[in-house]
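A.B. asks: Structure provided below as structure tokens; questions to follow.
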Amino acid sequence: WTNIEAKRRTDWSNFKDQDSFALIRDPKERIVSAWKSKVTCDTDMEIRGHRIFVPELLNLVGPSSNITARTDKGFPCLDLSDYLTVLSQIHGQGREDLLNSHFLPQHLGCFKDVPPSMWTVVTTIGGPNALCSLKSVVTKSANMSNTDDDCQMIKTHASAKGFELLKPTRADEVILDRITSKEYEMLGQYLNNA
């Protein structure tokens, strides 16, 4: 998505009276994708944002962390385990609401002020009716066929490719479970229905 500007809403009093659409993502996949597209060391080329996101994360966790960025590639980066440890420490400090939107848990973004149950549509981009649901919200039409073959959005997010091939350690999996538990608690039913 390009050229889209979103402003944080401050008045939520009439939200339930308006049509709304939220795209969500599997929390673990999203966290790993953010690592791959923003801070990974598993590349020989600098990714746009390395010099911004890595220091931001390390500054947010503060001096109590024993994690430092790798610089042997010519740019700051974090291995997956170090990245997850930093996120875990940030969550442990109760500072996850200060994370950049790429790393911010979804329950602290769109759903911070209004739970998913109050949105007109909450779906993943791979949901079978995601596109038709979006069209129905935008055009304010209830005319949405559940059998329409043109209802599925096309996935083009490059950083998600190869997620299945990543083999996190058991310690990484424990951290992923811990830092995404609130997201799964809030969004699980919407992920399961997609």
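Every chain in the structure tokens takes a letter, A first, then B, and so on in the order presented; its residues are numbered from 1, and the ligands are numbered from 1 following the presented order.
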Find the residues around range 16-18 of chain A up to 10 Å (only C-alpha atoms counted), leave out those fewer than 2 positions away in its own chain, and share them as a list in words.
C.D. replies: Trp12, Ser13, Asn14, Ser20, Val114, Ser117, Met118, Trp119, Thr120, Val137 and Lys140 of chain A
A.B. asks: How about saving the chosen residues, C-alpha atoms kept, as a CSV table (one decimal), in the first residue's frame?
C.D. replies:
chain,number,residue,atom,x,y,z
A,12,TRP,CA,-14.5,7.1,19.2
A,13,SER,CA,-18.0,7.9,20.4
A,14,ASN,CA,-19.7,7.2,17.1
A,20,SER,CA,-15.0,0.0,9.3
A,114,VAL,CA,-12.2,-0.2,19.9
A,117,SER,CA,-16.1,-7.0,17.8
A,118,MET,CA,-17.1,-3.4,17.1
A,119,TRP,CA,-15.5,-3.2,13.6
A,120,THR,CA,-17.7,-4.0,10.6
A,137,VAL,CA,-17.6,-1.4,3.5
A,140,LYS,CA,-21.7,0.8,1.9
A.B. asks: Tell me, as a list in words, which residues lie within 10 Å of Gly188 in chain A, counting only C-alpha atoms; anything in the same chain fewer than 5 positions away does not count.
C.D. replies: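 Surrounding residues, per the criterion: Asp26, Pro27, Ser181, Lys182, Glu183 and Asn193 of chain A.
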A.B. asks: Quick one: everything within 7 Å of range 61-73 of chain A, counting only C-alpha atoms, minus sequence neighbours fewer than 6 positions away in the same chain. Send it as a list in words.
C.D. replies: Asp44, Asp82, Val86, Gln89 and Ile90 of chain A
A.B. asks: Can you tell me how far CA of Cys77 in chain A sits from CA of Asp172 in chain A, in Å to one decimal?
C.D. replies: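 Here the two named atoms are 17.2 Å from each other.
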A.B. asks: Between A:Leu78, A:Leu60, A:Cys110, A:Ile52, which one has atoms that come closest to Trp35 in chain A, using only C-alpha atoms?
C.D. replies: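 Closest residue, counting only C-alpha atoms: A:Leu78.
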A.B. asks: Could you please write out, as a PyMOL selection string, every residue of chain A that DSSP assigns to alpha helix (DSSP H)?
C.D. replies: chain A and resi 27-38+50-61+80-92+130-139+170-192
